[in-house]
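Engineer: input36.cif (mmCIF, N, CA and C atoms and all ligand atoms) pasted underneath:
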```cif
data_start
#
loop_
_atom_site.label_atom_id
_atom_site.label_comp_id
_atom_site.auth_asym_id
_atom_site.auth_seq_id
_atom_site.Cartn_x
_atom_site.Cartn_y
_atom_site.Cartn_z
N MET A 1 0.82 -1.20 0.00
CA MET A 1 0.00 0.00 0.00
C MET A 1 0.86 1.25 0.00
N ALA A 2 2.03 1.19 -0.63
CA ALA A 2 2.95 2.33 -0.64
C ALA A 2 2.33 3.57 -1.27
N ASN A 3 1.49 3.39 -2.29
CA ASN A 3 0.89 4.53 -2.97
C ASN A 3 -0.52 4.83 -2.50
N ALA A 4 -0.96 4.17 -1.45
CA ALA A 4 -2.31 4.41 -0.96
C ALA A 4 -2.40 5.79 -0.32
N THR A 5 -3.50 6.45 -0.54
CA THR A 5 -3.73 7.74 0.10
C THR A 5 -4.01 7.52 1.57
N GLN A 6 -3.41 8.35 2.40
CA GLN A 6 -3.58 8.23 3.85
C GLN A 6 -4.31 9.46 4.36
N ILE A 7 -5.35 9.25 5.14
CA ILE A 7 -6.12 10.35 5.73
C ILE A 7 -6.03 10.20 7.25
N THR A 8 -5.54 11.24 7.90
CA THR A 8 -5.38 11.22 9.36
C THR A 8 -6.33 12.23 9.98
N VAL A 9 -7.11 11.79 10.95
CA VAL A 9 -8.00 12.69 11.67
C VAL A 9 -7.21 13.28 12.83
N LYS A 10 -6.86 14.54 12.71
CA LYS A 10 -6.06 15.18 13.75
C LYS A 10 -6.93 15.52 14.95
N ASP A 11 -6.36 15.39 16.14
CA ASP A 11 -7.09 15.75 17.35
C ASP A 11 -7.44 17.23 17.30
N SER A 12 -8.73 17.53 17.40
CA SER A 12 -9.24 18.90 17.41
C SER A 12 -8.70 19.74 16.27
N GLY A 13 -8.51 19.09 15.13
CA GLY A 13 -7.96 19.78 13.96
C GLY A 13 -8.47 19.18 12.67
N PRO A 14 -7.74 19.41 11.59
CA PRO A 14 -8.20 19.02 10.26
C PRO A 14 -8.01 17.54 9.94
N PHE A 15 -8.47 17.17 8.77
CA PHE A 15 -8.11 15.90 8.15
C PHE A 15 -6.82 16.17 7.37
N LEU A 16 -5.79 15.40 7.62
CA LEU A 16 -4.58 15.49 6.80
C LEU A 16 -4.65 14.41 5.74
N VAL A 17 -4.62 14.82 4.49
CA VAL A 17 -4.71 13.88 3.38
C VAL A 17 -3.35 13.86 2.69
N LYS A 18 -2.75 12.68 2.66
CA LYS A 18 -1.41 12.53 2.09
C LYS A 18 -1.43 11.47 1.01
N GLY A 19 -0.89 11.83 -0.14
CA GLY A 19 -0.79 10.85 -1.22
C GLY A 19 -1.53 11.31 -2.44
N PRO A 20 -1.62 10.44 -3.43
CA PRO A 20 -2.30 10.82 -4.66
C PRO A 20 -3.76 11.16 -4.38
N MET A 21 -4.22 12.29 -4.92
CA MET A 21 -5.60 12.67 -4.67
C MET A 21 -6.12 13.57 -5.78
N THR A 22 -7.43 13.52 -5.95
CA THR A 22 -8.15 14.49 -6.76
C THR A 22 -9.22 15.05 -5.86
N LEU A 23 -9.21 16.35 -5.66
CA LEU A 23 -10.16 16.99 -4.75
C LEU A 23 -11.18 17.77 -5.57
N LEU A 24 -12.44 17.37 -5.44
CA LEU A 24 -13.52 17.94 -6.24
C LEU A 24 -14.54 18.64 -5.36
N ASP A 25 -15.20 19.67 -5.92
CA ASP A 25 -16.33 20.25 -5.22
C ASP A 25 -17.59 19.45 -5.58
N ALA A 26 -18.73 19.86 -5.07
CA ALA A 26 -19.97 19.11 -5.26
C ALA A 26 -20.42 19.08 -6.72
N GLU A 27 -19.90 19.99 -7.54
CA GLU A 27 -20.26 20.01 -8.95
C GLU A 27 -19.23 19.30 -9.82
N GLY A 28 -18.23 18.72 -9.18
CA GLY A 28 -17.22 17.97 -9.92
C GLY A 28 -16.05 18.80 -10.40
N ASN A 29 -16.00 20.06 -9.98
CA ASN A 29 -14.87 20.92 -10.36
C ASN A 29 -13.69 20.61 -9.46
N GLU A 30 -12.51 20.60 -10.05
CA GLU A 30 -11.32 20.19 -9.32
C GLU A 30 -10.62 21.37 -8.64
N PHE A 31 -10.29 21.18 -7.38
CA PHE A 31 -9.44 22.14 -6.66
C PHE A 31 -8.01 21.88 -7.06
N SER A 32 -7.23 22.94 -7.17
CA SER A 32 -5.82 22.80 -7.46
C SER A 32 -5.10 22.37 -6.19
N VAL A 33 -4.45 21.22 -6.26
CA VAL A 33 -3.68 20.70 -5.11
C VAL A 33 -2.27 20.45 -5.61
N ASP A 34 -1.34 21.27 -5.13
CA ASP A 34 0.04 21.15 -5.61
C ASP A 34 0.99 20.66 -4.51
N LYS A 35 0.41 20.10 -3.45
CA LYS A 35 1.24 19.58 -2.36
C LYS A 35 0.96 18.09 -2.21
N GLU A 36 1.91 17.40 -1.60
CA GLU A 36 1.71 15.97 -1.34
C GLU A 36 0.72 15.77 -0.19
N THR A 37 0.70 16.72 0.74
CA THR A 37 -0.19 16.62 1.89
C THR A 37 -1.03 17.89 1.98
N VAL A 38 -2.33 17.73 2.16
CA VAL A 38 -3.20 18.88 2.35
C VAL A 38 -4.00 18.67 3.63
N ALA A 39 -4.37 19.78 4.26
CA ALA A 39 -5.20 19.75 5.46
C ALA A 39 -6.59 20.24 5.08
N LEU A 40 -7.58 19.39 5.29
CA LEU A 40 -8.96 19.74 4.97
C LEU A 40 -9.70 20.07 6.27
N CYS A 41 -10.45 21.16 6.22
CA CYS A 41 -11.15 21.63 7.40
C CYS A 41 -12.16 20.59 7.90
N ARG A 42 -12.14 20.40 9.19
CA ARG A 42 -13.08 19.48 9.84
C ARG A 42 -14.00 20.24 10.79
N CYS A 43 -13.63 21.48 11.12
CA CYS A 43 -14.41 22.23 12.10
C CYS A 43 -15.52 23.04 11.45
N GLY A 44 -15.41 23.31 10.16
CA GLY A 44 -16.43 24.08 9.44
C GLY A 44 -16.20 25.58 9.47
N ALA A 45 -15.17 26.07 10.15
CA ALA A 45 -14.98 27.51 10.32
C ALA A 45 -13.83 28.08 9.50
N SER A 46 -13.23 27.28 8.66
CA SER A 46 -12.09 27.76 7.88
C SER A 46 -12.46 28.95 7.01
N THR A 47 -11.53 29.88 6.87
CA THR A 47 -11.72 31.01 5.97
C THR A 47 -11.19 30.68 4.57
N ASN A 48 -10.76 29.44 4.38
CA ASN A 48 -10.23 29.00 3.10
C ASN A 48 -10.75 27.61 2.75
N GLN A 49 -12.05 27.44 2.85
CA GLN A 49 -12.66 26.12 2.58
C GLN A 49 -12.29 25.62 1.18
N PRO A 50 -12.09 24.35 1.01
CA PRO A 50 -12.24 23.27 1.99
C PRO A 50 -10.97 23.02 2.79
N PHE A 51 -10.02 23.91 2.67
CA PHE A 51 -8.74 23.71 3.35
C PHE A 51 -8.78 24.29 4.76
N CYS A 52 -7.96 23.76 5.61
CA CYS A 52 -7.83 24.27 6.98
C CYS A 52 -7.08 25.60 6.94
N SER A 53 -7.60 26.59 7.65
CA SER A 53 -6.94 27.89 7.75
C SER A 53 -6.33 28.12 9.12
N GLY A 54 -6.48 27.17 10.00
CA GLY A 54 -6.00 27.33 11.38
C GLY A 54 -7.06 27.90 12.31
N THR A 55 -8.22 28.27 11.76
CA THR A 55 -9.28 28.88 12.56
C THR A 55 -9.79 27.94 13.66
N HIS A 56 -9.60 26.65 13.47
CA HIS A 56 -10.07 25.70 14.50
C HIS A 56 -9.46 26.03 15.86
N ARG A 57 -8.26 26.58 15.86
CA ARG A 57 -7.62 26.95 17.14
C ARG A 57 -8.34 28.15 17.76
N LYS A 58 -8.69 29.13 16.93
CA LYS A 58 -9.38 30.33 17.43
C LYS A 58 -10.72 29.98 18.05
N ILE A 59 -11.44 29.07 17.42
CA ILE A 59 -12.78 28.74 17.92
C ILE A 59 -12.73 27.62 18.96
N GLU A 60 -11.52 27.16 19.26
CA GLU A 60 -11.31 26.11 20.25
C GLU A 60 -12.12 24.85 19.91
N PHE A 61 -12.05 24.49 18.62
CA PHE A 61 -12.71 23.27 18.16
C PHE A 61 -12.17 22.07 18.93
N GLU A 62 -13.06 21.25 19.41
CA GLU A 62 -12.64 20.06 20.15
C GLU A 62 -13.29 18.82 19.55
N SER A 63 -12.48 17.90 19.12
CA SER A 63 -12.97 16.61 18.63
C SER A 63 -11.80 15.64 18.60
N VAL A 64 -11.90 14.65 19.42
CA VAL A 64 -10.88 13.61 19.46
C VAL A 64 -11.59 12.30 19.16
N VAL A 65 -11.21 11.70 18.05
CA VAL A 65 -11.85 10.43 17.68
C VAL A 65 -10.76 9.37 17.49
N ARG A 66 -11.11 8.16 17.82
CA ARG A 66 -10.18 7.05 17.65
C ARG A 66 -10.88 5.94 16.86
N ALA A 67 -10.12 5.30 16.02
CA ALA A 67 -10.67 4.20 15.23
C ALA A 67 -11.22 3.13 16.16
N GLY A 68 -12.38 2.62 15.77
CA GLY A 68 -12.98 1.54 16.53
C GLY A 68 -13.88 2.00 17.66
N GLU A 69 -13.95 3.32 17.86
CA GLU A 69 -14.77 3.83 18.97
C GLU A 69 -16.13 4.31 18.51
N SER A 70 -16.33 4.49 17.18
CA SER A 70 -17.63 4.97 16.72
C SER A 70 -18.60 3.80 16.60
N GLU A 71 -19.87 4.13 16.63
CA GLU A 71 -20.91 3.09 16.57
C GLU A 71 -21.26 2.75 15.16
S1 LIG A 101 -10.07 22.31 10.91
FE1 LIG A 101 -8.69 23.95 10.73
S2 LIG A 101 -9.93 25.62 10.20
FE2 LIG A 101 -11.31 23.98 10.39
#
```
Could you quickly redo this structure as structure tokens?

Structural biologist:
Amino acid sequence: MANATQITVKDSGPFLVKGPMTLLDAEGNEFSVDKETVALCRCGASTNQPFCSGTHRKIEFESVVRAGESE
């Protein structure tokens, strides 16, 4: 799985997406992604959607999830 895309749910932060990806909006238009790793907003408050702008820290977003703990 060397080329598999990896998505990490950061504690009280964004989704970190690393690896080959195509990022589309709801209409199928592609976002320009020129990095190997991108941070996607999980808190909903980013000023640069769908990317994380760091605003999660300002709003004190809290969410800690662990695999296997959801229903
Ligand atoms: S997760 Fe960083 S701004 Fe939303």

Engineer: Quick one: residues within 6.5 Å of Ala4 of chain A, all atoms listed in the file counted, chain neighbours fewer than 4 positions away excluded, as a list in words?

Structural biologist: Lys18, Gly19 and Pro20 of chain A

Engineer: Can you tell me which residues sit at most 7 Å away from ligand LIG 101 (chain A), counting only C-alpha atoms and all ligand atoms, written as a list in words?

Structural biologist: Gly13, Pro14, Leu40, Cys41, Arg42, Cys43, Gly44, Ala45, Ser46, Cys52, Ser53, Gly54, Thr55 and His56 of chain A

Engineer: Using only C-alpha atoms, find the one residue out of A:Val9, A:Leu24, A:Ala67, A:Ile59 that sits nearest to Ala39 of chain A.

Structural biologist: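 The closest residue to Ala39 of chain A is A:Val9.
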
Engineer: What is the atom CA of Gln6 of chain A to atom CA of Phe61 of chain A distance in Å?

Structural biologist: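 So the answer is 22.7 Å.
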
Engineer: Grab the atom N of Asn3 of chain A to atom N of Ser63 of chain A distance for me, in Å with one decimal place.

Structural biologist: 29.4 Å

Engineer: Which one is closest to Ser12 of chain A: A:Glu27, A:Gly68, A:Phe51, A:Glu60? Count all atoms listed in the file.

Structural biologist: A:Glu60

Engineer: Which protein, DNA or RNA residues are at most 6 Å from (0.5, 16.3, 2.7) in the file's coordinates when you count only N, CA and C atoms, listed as a PDB file with N, CA and C atoms, keeping the file's coordinate frame?

Structural biologist:
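The new file selection-v9.pdb reads:
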```
ATOM      1  N   VAL A  17      -4.620  14.820   4.490  1.00  0.00           N
ATOM      2  CA  VAL A  17      -4.710  13.880   3.380  1.00  0.00           C
ATOM      3  C   VAL A  17      -3.350  13.860   2.690  1.00  0.00           C
ATOM      4  N   LYS A  18      -2.750  12.680   2.660  1.00  0.00           N
ATOM      5  CA  LYS A  18      -1.410  12.530   2.090  1.00  0.00           C
ATOM      6  C   LYS A  18      -1.430  11.470   1.010  1.00  0.00           C
ATOM      7  N   GLY A  19      -0.890  11.830  -0.140  1.00  0.00           N
ATOM      8  CA  GLY A  19      -0.790  10.850  -1.220  1.00  0.00           C
ATOM      9  C   GLY A  19      -1.530  11.310  -2.440  1.00  0.00           C
ATOM     10  N   LYS A  35       0.410  20.100  -3.450  1.00  0.00           N
ATOM     11  CA  LYS A  35       1.240  19.580  -2.360  1.00  0.00           C
ATOM     12  C   LYS A  35       0.960  18.090  -2.210  1.00  0.00           C
ATOM     13  N   GLU A  36       1.910  17.400  -1.600  1.00  0.00           N
ATOM     14  CA  GLU A  36       1.710  15.970  -1.340  1.00  0.00           C
ATOM     15  C   GLU A  36       0.720  15.770  -0.190  1.00  0.00           C
ATOM     16  N   THR A  37       0.700  16.720   0.740  1.00  0.00           N
ATOM     17  CA  THR A  37      -0.190  16.620   1.890  1.00  0.00           C
ATOM     18  C   THR A  37      -1.030  17.890   1.980  1.00  0.00           C
ATOM     19  N   VAL A  38      -2.330  17.730   2.160  1.00  0.00           N
ATOM     20  CA  VAL A  38      -3.200  18.880   2.350  1.00  0.00           C
ATOM     21  C   VAL A  38      -4.000  18.670   3.630  1.00  0.00           C
TER      22      VAL A  38
END
```

Engineer: Would you work out the distance separating atom CA of Phe15 of chain A from atom CA of Asn29 of chain A, expressed in Å to one decimal?

Structural biologist: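 Atom-to-atom, atom CA of Phe15 of chain A to atom CA of Asn29 of chain A, that is 20.3 Å.
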
Engineer: Enumerate as a count of residues only all residues of chain A assigned to helix (DSSP H, G or I) by DSSP on the backbone, naming them with the chain letters and numbers the document uses.

Structural biologist: 4

Engineer: Once 3 Å is added on each side, what are the centre and the three edge lengths, in Å to one decimal, of the axis-aligned box enclosing the listed atoms of segment 11-30 of chain A? Present them as lines of an AutoDock Vina configuration file.

Structural biologist:
```
center_x = -10.6
center_y = 15.9
center_z = 3.5
size_x = 25.6
size_y = 16.9
size_z = 33.8
```

Engineer: As a PyMOL selection string, please: every residue in segment 10-60 of chain A that DSSP puts in strand (DSSP E).

Structural biologist: chain A and resi 15-18+37-40
